[in-house]
Every structure is written in C-alpha cells, then in structure tokens.
file work.cif (mmCIF, C-alpha atoms and all ligand atoms)
data_work
loop_
_atom_site.label_atom_id
_atom_site.label_comp_id
_atom_site.auth_asym_id
_atom_site.auth_seq_id
_atom_site.Cartn_x
_atom_site.Cartn_y
_atom_site.Cartn_z
CA ARG A 1 77.66 75.32 78.84
CA ARG A 2 75.97 78.58 77.92
CA ILE A 3 79.33 80.32 77.54
CA LEU A 4 80.56 77.64 75.18
CA MET A 5 77.35 77.74 73.18
CA ALA A 6 77.77 81.49 72.82
CA ALA A 7 81.25 80.94 71.46
CA GLY A 8 79.64 79.06 68.59
CA ALA A 9 78.60 75.51 67.91
CA GLY A 10 81.84 74.95 65.99
CA ALA A 11 83.88 75.21 69.14
CA ILE A 12 81.89 72.41 70.71
CA THR A 13 82.28 70.10 67.77
CA THR A 14 86.02 70.59 67.88
CA ILE A 15 86.51 69.81 71.54
CA ALA A 16 83.73 67.30 72.16
CA GLY A 17 85.14 63.83 72.70
CA PRO A 18 84.01 60.83 74.69
CA GLY A 19 85.41 62.17 77.96
CA ILE A 20 83.98 65.63 77.53
CA ARG A 21 80.52 64.59 76.43
CA ASN A 22 79.04 64.85 79.93
CA ALA A 23 79.88 68.52 80.15
CA TYR A 24 77.08 69.08 77.63
CA ALA A 25 74.64 66.41 78.83
CA ALA A 26 71.09 67.41 79.58
CA GLU A 27 70.07 67.72 83.20
CA PHE A 28 67.45 64.97 82.68
CA THR A 29 68.01 62.15 80.23
CA LEU A 30 64.98 59.94 79.59
CA LYS A 31 65.03 56.78 77.52
CA THR A 32 62.01 55.51 75.63
CA GLY A 33 61.70 52.27 73.68
CA ASN A 34 59.33 50.65 71.19
CA ASN A 35 59.14 47.69 68.83
CA SER A 36 58.45 49.76 65.69
CA ALA A 37 60.76 50.40 62.78
CA GLU A 38 62.53 53.75 62.46
CA SER A 39 60.13 54.82 59.70
CA HIS A 40 56.92 53.83 61.56
CA PRO A 41 54.91 56.91 62.55
CA GLN A 42 55.24 55.80 66.16
CA THR A 43 59.00 56.35 66.00
CA VAL A 44 58.85 59.35 63.68
CA TYR A 45 56.46 61.27 65.97
CA MET A 46 58.28 60.21 69.14
CA ARG A 47 61.42 61.75 67.65
CA LYS A 48 59.42 64.92 66.91
CA ALA A 49 58.28 64.94 70.55
CA ALA A 50 61.92 64.58 71.64
CA ALA A 51 62.92 67.55 69.48
CA GLY A 52 60.11 69.70 70.89
CA ILE A 53 61.01 68.72 74.45
CA ALA A 54 64.69 69.57 73.93
CA LYS A 55 63.77 72.93 72.44
CA ASP A 56 61.16 74.03 74.97
CA SER A 57 63.25 72.87 77.94
CA ASN A 58 66.32 74.68 76.57
CA GLY A 59 68.15 71.39 76.44
CA ARG A 60 67.45 70.49 80.08
CA VAL A 61 65.49 67.37 79.06
CA GLU A 62 66.76 64.89 76.50
CA LEU A 63 64.39 62.14 75.39
CA GLN A 64 66.41 59.35 73.79
CA VAL A 65 64.34 57.17 71.46
CA PHE A 66 65.27 53.49 71.00
CA PRO A 67 63.01 52.01 68.28
CA ASN A 68 62.94 48.59 66.63
CA SER A 69 63.23 46.56 69.85
CA GLN A 70 66.85 47.71 70.19
CA LEU A 71 66.48 47.30 73.95
CA GLY A 72 64.82 43.88 73.72
CA GLY A 73 61.45 42.35 73.04
CA ASP A 74 58.27 43.76 74.56
CA PRO A 75 58.28 41.65 77.75
CA ALA A 76 61.95 42.65 78.29
CA MET A 77 61.23 46.35 77.73
CA LEU A 78 58.29 46.14 80.13
CA SER A 79 60.60 44.70 82.82
CA GLN A 80 63.10 47.48 82.16
CA LEU A 81 60.33 50.05 82.51
CA ARG A 82 59.28 48.58 85.85
CA THR A 83 62.82 48.71 87.28
CA GLY A 84 63.48 52.18 85.85
CA ALA A 85 66.20 51.04 83.43
CA LEU A 86 63.78 52.38 80.83
CA ASP A 87 61.88 55.60 81.64
CA PHE A 88 59.15 55.51 78.98
CA PHE A 89 57.78 52.69 76.82
CA THR A 90 55.04 52.69 74.21
CA ILE A 91 53.24 49.38 74.00
CA SER A 92 49.85 48.01 73.07
CA GLY A 93 47.66 47.33 76.10
CA VAL A 94 46.65 44.08 74.40
CA ASN A 95 50.30 43.02 74.09
CA ALA A 96 52.75 42.12 76.90
CA LEU A 97 51.34 44.86 79.16
CA SER A 98 48.21 42.74 79.60
CA ALA A 99 50.19 40.28 81.75
CA MET A 100 50.55 43.11 84.28
CA VAL A 101 47.34 45.05 83.59
CA PRO A 102 44.86 42.42 82.32
CA ASN A 103 42.05 44.86 81.54
CA ALA A 104 44.28 47.02 79.34
CA ALA A 105 43.64 44.30 76.74
CA ILE A 106 39.95 45.12 76.36
CA THR A 107 40.44 47.20 73.19
CA GLY A 108 41.59 44.00 71.48
CA VAL A 109 38.25 42.17 71.64
CA GLY A 110 37.65 40.74 68.17
CA PHE A 111 35.60 42.87 65.76
CA ALA A 112 34.69 45.32 68.55
CA PHE A 113 35.36 48.64 66.79
CA LYS A 114 33.92 49.23 63.33
CA SER A 115 35.60 52.55 62.54
CA ASN A 116 38.30 54.99 63.59
CA GLU A 117 35.51 57.21 64.93
CA GLU A 118 34.46 54.48 67.34
CA VAL A 119 38.07 53.98 68.40
CA SER A 120 38.49 57.67 69.11
CA ALA A 121 35.19 57.87 71.02
CA ALA A 122 36.21 54.91 73.18
CA MET A 123 39.80 55.94 73.83
CA ASN A 124 38.92 59.57 74.53
CA GLY A 125 35.90 58.56 76.59
CA ASP A 126 35.11 56.30 79.54
CA LEU A 127 36.93 53.24 78.20
CA GLY A 128 40.22 55.10 77.73
CA LYS A 129 39.89 56.71 81.16
CA TYR A 130 39.20 53.32 82.69
CA ILE A 131 42.23 51.71 81.01
CA ARG A 132 44.57 54.51 82.09
CA ALA A 133 43.26 54.23 85.67
CA GLN A 134 44.03 50.49 85.60
CA VAL A 135 47.58 51.20 84.42
CA ARG A 136 48.10 53.76 87.20
CA LYS A 137 46.74 51.35 89.80
CA ALA A 138 49.40 48.89 88.67
CA GLY A 139 52.08 51.48 89.53
CA LEU A 140 52.92 52.98 86.14
CA GLU A 141 52.24 56.44 84.75
CA VAL A 142 50.52 56.78 81.38
CA PHE A 143 49.97 59.74 79.06
CA ASP A 144 46.40 60.56 78.13
CA GLN A 145 46.70 60.30 74.36
CA TYR A 146 47.04 56.92 72.72
CA TRP A 147 49.35 56.23 69.78
CA ASP A 148 47.68 54.44 66.89
CA ASN A 149 48.68 51.09 65.46
CA GLY A 150 45.54 50.54 63.41
CA PHE A 151 43.13 47.82 62.30
CA ARG A 152 44.87 44.50 61.94
CA GLN A 153 44.95 42.29 58.83
CA ILE A 154 46.02 38.67 58.49
CA THR A 155 48.95 37.76 56.25
CA SER A 156 49.88 34.29 55.15
CA GLY A 157 52.77 32.61 53.40
CA SER A 158 50.91 29.46 52.44
CA LYS A 159 47.36 30.20 51.23
CA PRO A 160 44.83 33.04 51.15
CA ILE A 161 42.60 33.34 54.23
CA LYS A 162 39.06 34.09 53.05
CA THR A 163 36.72 32.29 55.40
CA ALA A 164 36.92 31.29 59.04
CA GLN A 165 37.45 27.73 57.83
CA ASP A 166 40.70 28.76 56.17
CA LEU A 167 42.01 29.46 59.66
CA ASP A 168 41.52 25.87 60.82
CA ASN A 169 44.87 24.77 62.27
CA PHE A 170 46.53 27.75 60.57
CA LYS A 171 49.83 28.40 62.36
CA ILE A 172 49.82 32.08 63.18
CA ARG A 173 52.16 34.30 65.17
CA VAL A 174 50.42 36.49 67.75
CA PRO A 175 52.01 38.81 70.35
CA PRO A 176 52.56 37.46 73.88
CA SER A 177 48.99 37.98 75.12
CA ALA A 178 46.20 35.82 76.53
CA LEU A 179 43.52 37.71 74.60
CA TRP A 180 45.29 37.32 71.28
CA THR A 181 45.81 33.62 71.89
CA SER A 182 42.16 33.15 72.85
CA LEU A 183 40.93 35.12 69.84
CA PHE A 184 42.78 32.98 67.32
CA GLN A 185 42.10 29.73 69.14
CA SER A 186 38.41 30.64 69.08
CA LEU A 187 38.70 31.20 65.34
CA GLY A 188 40.09 27.67 65.01
CA ALA A 189 43.70 28.67 64.34
CA SER A 190 46.83 27.48 66.08
CA PRO A 191 48.44 30.64 67.51
CA THR A 192 51.99 30.91 68.88
CA ASN A 193 53.11 33.79 71.13
CA ILE A 194 56.16 35.47 69.61
CA SER A 195 57.44 38.97 70.43
CA PHE A 196 57.46 41.29 67.45
CA ASN A 197 61.25 41.41 67.23
CA GLU A 198 61.22 37.68 66.43
CA ALA A 199 58.19 37.67 64.13
CA TYR A 200 60.04 38.23 60.83
CA SER A 201 62.42 35.32 61.33
CA ALA A 202 59.59 33.07 62.57
CA LEU A 203 57.81 33.72 59.26
CA GLN A 204 60.99 33.36 57.23
CA THR A 205 61.88 29.99 58.78
CA LYS A 206 58.21 28.93 58.61
CA ILE A 207 57.86 28.25 62.33
CA VAL A 208 54.49 29.89 61.61
CA ASP A 209 52.55 30.34 58.35
CA GLY A 210 51.18 33.77 59.06
CA GLN A 211 50.81 36.77 61.31
CA GLU A 212 48.45 39.69 61.70
CA ASN A 213 49.29 43.39 61.84
CA PRO A 214 48.15 46.72 60.36
CA LEU A 215 49.38 47.53 56.84
CA VAL A 216 51.84 50.17 58.12
CA ILE A 217 53.79 47.52 60.01
CA ILE A 218 53.64 45.03 57.13
CA GLU A 219 55.24 47.77 55.01
CA VAL A 220 57.83 49.35 57.34
CA SER A 221 58.98 46.04 58.85
CA LYS A 222 59.04 44.45 55.36
CA LEU A 223 56.88 41.49 56.36
CA TYR A 224 55.81 41.29 52.69
CA GLU A 225 59.26 39.79 52.00
CA VAL A 226 58.27 36.64 53.89
CA GLN A 227 54.47 36.58 53.23
CA LYS A 228 52.38 36.10 50.06
CA TYR A 229 48.76 36.92 50.92
CA CYS A 230 46.97 39.58 52.90
CA ALA A 231 43.38 39.13 54.09
CA LEU A 232 41.62 42.40 54.88
CA SER A 233 40.05 41.02 58.03
CA ASN A 234 40.07 44.15 60.23
CA HIS A 235 39.62 41.67 63.07
CA MET A 236 40.98 43.95 65.76
CA TRP A 237 41.94 47.57 66.33
CA ASP A 238 45.17 48.17 68.19
CA GLY A 239 46.95 51.16 69.69
CA PHE A 240 49.90 51.94 71.94
CA LEU A 241 49.94 53.50 75.40
CA CYS A 242 52.87 55.73 76.28
CA LEU A 243 53.88 54.51 79.74
CA ALA A 244 56.33 56.04 82.21
CA ASN A 245 58.20 54.70 85.20
CA ARG A 246 56.77 56.53 88.20
CA ARG A 247 60.11 57.35 89.86
CA SER A 248 61.63 58.62 86.61
CA TRP A 249 58.60 60.79 86.07
CA GLY A 250 58.65 62.08 89.65
CA ARG A 251 62.22 63.31 89.24
CA LEU A 252 61.14 65.93 86.70
CA PRO A 253 60.04 69.26 88.19
CA PRO A 254 56.42 70.20 87.33
CA ASN A 255 57.34 72.76 84.68
CA LEU A 256 59.38 70.17 82.79
CA GLN A 257 56.66 67.53 83.26
CA GLU A 258 54.32 69.99 81.59
CA ILE A 259 56.61 70.42 78.59
CA VAL A 260 57.07 66.66 78.19
CA THR A 261 53.33 65.97 78.56
CA HIS A 262 52.48 68.61 75.98
CA HIS A 263 54.87 67.24 73.36
CA ILE A 264 54.04 63.58 73.94
CA ASN A 265 50.29 64.14 73.73
CA SER A 266 50.31 66.59 70.83
CA ASN A 267 52.56 64.32 68.78
CA ALA A 268 50.34 61.35 69.62
CA LEU A 269 47.41 63.25 68.08
CA GLU A 270 49.40 63.92 64.90
CA GLN A 271 50.61 60.31 64.87
CA GLN A 272 47.01 59.02 65.02
CA LYS A 273 46.10 61.02 61.91
CA GLU A 274 49.20 59.85 60.06
CA VAL A 275 48.66 56.16 60.87
CA ILE A 276 45.03 56.33 59.73
CA ARG A 277 46.12 58.03 56.50
CA VAL A 278 48.93 55.57 55.75
CA ASN A 279 47.00 52.40 56.69
CA ALA A 280 44.27 53.49 54.28
CA SER A 281 46.68 54.06 51.40
CA LEU A 282 49.19 51.20 51.50
CA ARG A 283 47.33 48.46 49.65
CA SER A 284 48.69 49.29 46.20
CA THR A 285 52.22 49.79 47.56
CA LEU A 286 52.11 46.35 49.14
CA GLU A 287 50.62 44.85 45.97
CA GLY A 288 53.64 46.31 44.23
CA HIS A 289 55.80 44.28 46.62
CA GLY A 290 53.92 41.14 45.50
CA LEU A 291 51.38 40.73 48.29
CA ALA A 292 48.02 39.41 47.01
CA PHE A 293 45.01 40.94 48.77
CA ASN A 294 41.54 39.55 49.39
CA GLU A 295 38.45 40.49 51.35
CA VAL A 296 37.15 38.12 54.03
CA ASP A 297 33.80 36.75 55.08
CA THR A 298 33.64 38.91 58.20
CA LYS A 299 30.25 37.60 59.28
CA GLY A 300 31.55 34.03 59.24
CA PHE A 301 34.50 35.08 61.43
CA ARG A 302 32.22 36.85 63.91
CA ASP A 303 29.76 33.99 64.07
CA LYS A 304 32.58 31.56 64.80
CA LEU A 305 33.75 33.79 67.66
CA SER A 306 30.26 34.06 69.12
CA LYS A 307 29.59 30.34 68.87
CA SER A 308 32.90 29.45 70.48
CA GLY A 309 31.94 31.50 73.54
CA PHE A 310 34.73 34.05 73.01
CA TYR A 311 32.59 37.10 73.84
CA ALA A 312 30.95 35.50 76.88
CA GLU A 313 34.31 34.39 78.25
CA TRP A 314 35.98 37.79 77.89
CA LYS A 315 32.97 39.71 79.15
CA LYS A 316 33.29 37.68 82.33
CA LYS A 317 37.06 38.19 82.52
CA PHE A 318 36.98 41.95 81.94
CA GLY A 319 33.94 42.41 84.15
CA ASP A 320 30.71 44.37 83.72
CA GLU A 321 32.19 47.83 84.31
CA ALA A 322 34.87 47.59 81.60
CA TRP A 323 32.62 45.69 79.19
CA GLY A 324 29.93 48.32 79.68
CA TYR A 325 32.33 51.12 78.64
CA LEU A 326 33.27 49.12 75.55
CA GLU A 327 29.72 48.31 74.49
CA LYS A 328 28.62 51.90 75.11
CA VAL A 329 30.64 52.69 71.98
CA THR A 330 30.46 49.46 69.98
CA GLY A 331 26.95 48.29 70.75
CA ASN A 332 26.15 44.75 71.86
CA LEU A 333 29.06 42.37 71.22
CA ALA A 334 27.67 39.02 72.31
O1 LIG B 401 53.63 42.87 68.14
C1 LIG B 401 52.90 43.34 67.25
O2 LIG B 401 52.34 42.65 66.40
C2 LIG B 401 52.64 44.82 67.22
C3 LIG B 401 53.88 45.51 66.68
O3 LIG B 401 51.57 45.13 66.41
C4 LIG B 401 52.33 45.25 68.60
O4 LIG B 401 53.12 45.87 69.26
C5 LIG B 401 51.06 44.81 69.16
#
call {"tool": "encode", "arguments": {"input": "work.cif", "output": "structure tokens", "more": "lines below"}}
Ligand code: X2X
result
Amino acid sequence: RRILMAAGAGAITTIAGPGIRNAYAAEFTLKTGNNSAESHPQTVYMRKAAAGIAKDSNGRVELQVFPNSQLGGDPAMLSQLRTGALDFFTISGVNALSAMVPNAAITGVGFAFKSNEEVSAAMNGDLGKYIRAQVRKAGLEVFDQYWDNGFRQITSGSKPIKTAQDLDNFKIRVPPSALWTSLFQSLGASPTNISFNEAYSALQTKIVDGQENPLVIIEVSKLYEVQKYCALSNHMWDGFLCLANRRSWGRLPPNLQEIVTHHINSNALEQQKEVIRVNASLRSTLEGHGLAFNEVDTKGFRDKLSKSGFYAEWKKKFGDEAWGYLEKVTGNLA
C-alpha cells in the first residue's frame, strides 16, 4: 500500500475497482450509526472525528459514519450494537437505550435542567459518571463526553400549545421510552412511541398531531414541513451517548484506542458548543419556513407534573443515589 501511495494517488484511482478495493482497506474498519440528518452537528462532528482518526492512525482505522437511521431505527441499531454488527452508536440515554439501561434515562426528567451550565455540571460531574457506569455494567463501552441534542420544544400541526390544558388528549409522538411516555401522560397528553426515522411520516399522515424535539432537529429533518406551531416549552434537555460494542473496542490496540478516544471526545466538545449556538439562533429561520412560535406557561406544566405524581414515581424508579446526583445540580425537583 505504501509503495502504491508513493507512486501517486492518481495511480490508485486508475486501478481501484470493486475487486481491488480491499488491497487499500484500513486494518480496522468501525461502523457508527445515528438517527440524525447529514447536516446535524452530531453527524458533521462525527465525520470530523472520522477524518482525524484516519489521519492520526495513518489510515489504519477507518470510522464509517451511517447517519439518518440508514441502518434502521434506534431499537434496531441498538440490537446491532449489542451483536457487534454495529461497532459504535450514538443515542440518547432517554431513548431506546433506556430499555437496556433504565437509569440512563434520568437526564430526561421533565424540567430538571434550567440551563446549559446545569447540563454541563451534571454530565461532567457525578450524574454523568453514574450514567456511564450503568452503561458499562450493562456490557457496553461509552465515551466520556456526551453529544448534545438540546432543550426540547413541542411542535403541533393542529393548534398552538400554550398551557398544560392544551395538551389534554393531544396526540404526540415520543421516542420509544418509558420515561417519555410517562412524562407526556402525566401532562395529560396521549403519547405514541415512534422511532425517529418514522416520525416525519407519522406527522405527515396525521397518525399524531405533534412531536417534541430541539430546534436543530426541527430544522435539519424538515419537520416544519409537516407542523404549524412551535411551543418553546424547554420541557426536557437531551443528549447522546457515544456507545461502543465491547468486543469491537477490545480489538483495537491501546495506541489506536487512544487516537479514537481523543477524536471522539474532542469532537463531542466542539459539537456541544455548536448545538447550543444553533439551537439558540434558529427561531427566525424556522419562522421563515412558516412555523408560528409561542411561549408556554411553564409553571402550569410543572405543577401538573408534580400533582400527577410524576416526580415521586421517577424518584422511586431511579433510586436515591441517582436522584441525589441529579438534584445536587438541579435543586429539589419534587
Ligand atoms: O428521537 C428523537 O426525537 C431524537 C432524535 O431527538 C432522539 O434521538 C432522542
């Protein structure tokens, strides 16, 4: 390979065909998947990580990025990760992962975090450490830095959502997750679990009236095409964990593990900044696409959650240790 490279890249282009491809393959090929669009910062920065890994490993490691649920919905990608068909997978701990690691969902407690500073303190502190330990106990590897998704907002195709009452019987798509279902049931809505790759068509065919996601996703996945209103509810913060299959990871020698870890974590840090920046700046862009924005009666939402017993129920489910790490950052949530 080195000799051919020295002869010039042109030579390779000329002779490379399907049968010859393997002669130039990396020593380690790793596949990673996600449910985000190509232009979502999650995909953009994962591709940057892949480029850095290829460069610093002198081509020995190739990280192939499959965005946009190309490999299937989140539950399917999680299964592939567990068997090793997929080596890496970035997914929200509140999403399908919570079926396997229930306490990874704790960041999704309604109205827990009030700012990006609180999120960062929690995820870089005891709560993040605790969540990653839970993931490892379940047999998966996880990188230390989280990837940001952002604070979530409710969109609707039928009517603006301003008060908790507006959610009564509102048909809303939520990811496949017990916490998400409980949160919206407690708010009086009628949630349906739908993987993200099927969310757009569920909105388009009006199987559901609405969904909730950060503005970046509403923009890059063009959800504004099938929704009319956006309520700035900030009802939940969400992020992604970069997971790895343990056997795939173990195949890499330590020096290559170090290169991969460095690029995944450093790009996650850049991705966090980018998502915060974009989520904060997209309102006028989305208004330009015809989405009508409104503020919500946050206190009314929170009161409804408290009265329904949501906080008490999930405190019991997550347990005192995990809940303690959360409240250390957020203050009392009951
Ligand atoms: O499924 C969603 O709504 C998404 C893309 O935000 C997550 O992965 C949790």
call {"tool": "axis_aligned_box", "arguments": {"input": "work.cif", "around": "ligand LIG 401 (chain B)", "padding_each_side": "5 Å", "output": "AutoDock Vina command-line options"}}
result
--center_x 52.5 --center_y 44.3 --center_z 67.8 --size_x 12.8 --size_y 13.2 --size_z 12.9
call {"tool": "closest_atom_pairs", "arguments": {"input": "work.cif", "of": "chain A", "to": "ligand LIG 401 (chain B)", "cutoff": "6 Å", "atoms": "all atoms listed in the file", "output": "CSV"}}
result
residue,atom,partner,partner_atom,distance
A:Ile91,CA,B:LIG401,O4,5.9
A:Ser92,CA,B:LIG401,C5,5.2
A:Asn95,CA,B:LIG401,C5,5.3
A:Pro175,CA,B:LIG401,O1,4.9
A:Ser195,CA,B:LIG401,O1,5.9
A:Phe196,CA,B:LIG401,O1,4.2
A:Asn213,CA,B:LIG401,O3,5.4
call {"tool": "residues_around", "arguments": {"input": "work.cif", "residues": "A:Gly290", "least_positions_apart": "5", "cutoff": "12 Å", "atoms": "all atoms listed in the file", "output": "NGL selection string"}}
result
:A and (157 or 219 or 222-230 or 283-285)
call {"tool": "write_last_selection", "arguments": {"input": "work.cif", "atoms": "C-alpha atoms", "output": "PDB file, keeping the file's coordinate frame"}}
result
ATOM      1  CA  GLY A 157      52.770  32.610  53.400  1.00  0.00           C
ATOM      2  CA  GLU A 219      55.240  47.770  55.010  1.00  0.00           C
ATOM      3  CA  LYS A 222      59.040  44.450  55.360  1.00  0.00           C
ATOM      4  CA  LEU A 223      56.880  41.490  56.360  1.00  0.00           C
ATOM      5  CA  TYR A 224      55.810  41.290  52.690  1.00  0.00           C
ATOM      6  CA  GLU A 225      59.260  39.790  52.000  1.00  0.00           C
ATOM      7  CA  VAL A 226      58.270  36.640  53.890  1.00  0.00           C
ATOM      8  CA  GLN A 227      54.470  36.580  53.230  1.00  0.00           C
ATOM      9  CA  LYS A 228      52.380  36.100  50.060  1.00  0.00           C
ATOM     10  CA  TYR A 229      48.760  36.920  50.920  1.00  0.00           C
ATOM     11  CA  CYS A 230      46.970  39.580  52.900  1.00  0.00           C
ATOM     12  CA  ARG A 283      47.330  48.460  49.650  1.00  0.00           C
ATOM     13  CA  SER A 284      48.690  49.290  46.200  1.00  0.00           C
ATOM     14  CA  THR A 285      52.220  49.790  47.560  1.00  0.00           C
TER      15      THR A 285
END
call {"tool": "residues_around", "arguments": {"input": "work.cif", "residues": "A:Asp144", "least_positions_apart": "6", "cutoff": "10 Å", "atoms": "all atoms listed in the file", "output": "ChimeraX atom specification"}}
result
/A:123-124,128-129,132,241-243,261,264-265,268
call {"tool": "atom_distance", "arguments": {"input": "work.cif", "atom1": "atom CA of A:Leu81", "atom2": "atom CA of A:Ser39"}}
result
23.3 Å
call {"tool": "atom_distance", "arguments": {"input": "work.cif", "atom1": "atom CA of A:Trp249", "atom2": "atom CA of A:Ala104"}}
result
21.0 Å
call {"tool": "atom_distance", "arguments": {"input": "work.cif", "atom1": "atom CA of A:Ala312", "atom2": "atom CA of A:Ser98"}}
result
18.9 Å
call {"tool": "residues_around", "arguments": {"input": "work.cif", "residues": "A:Ser233", "least_positions_apart": "2", "cutoff": "8 Å", "atoms": "all atoms listed in the file", "output": "VMD selection string"}}
result
chain A and resid 152 to 154 231 235 295 to 296 298
call {"tool": "closest_residue", "arguments": {"input": "work.cif", "among": "A:Leu183, A:Ala122, A:Ala133, A:Leu282", "to": "A:Pro214", "atoms": "all atoms listed in the file"}}
result
A:Leu282
call {"tool": "residues_near_point", "arguments": {"input": "work.cif", "point": "(50.5, 37.0, 75.0)", "cutoff": "6 Å", "atoms": "all atoms listed in the file", "output": "VMD selection string"}}
result
chain A and resid 96 175 to 178 193
call {"tool": "closest_residue", "arguments": {"input": "work.cif", "among": "A:Val208, A:Ala244, A:Ala51, A:Ile194", "to": "A:Leu63", "atoms": "only C-alpha atoms"}}
result
A:Ala51
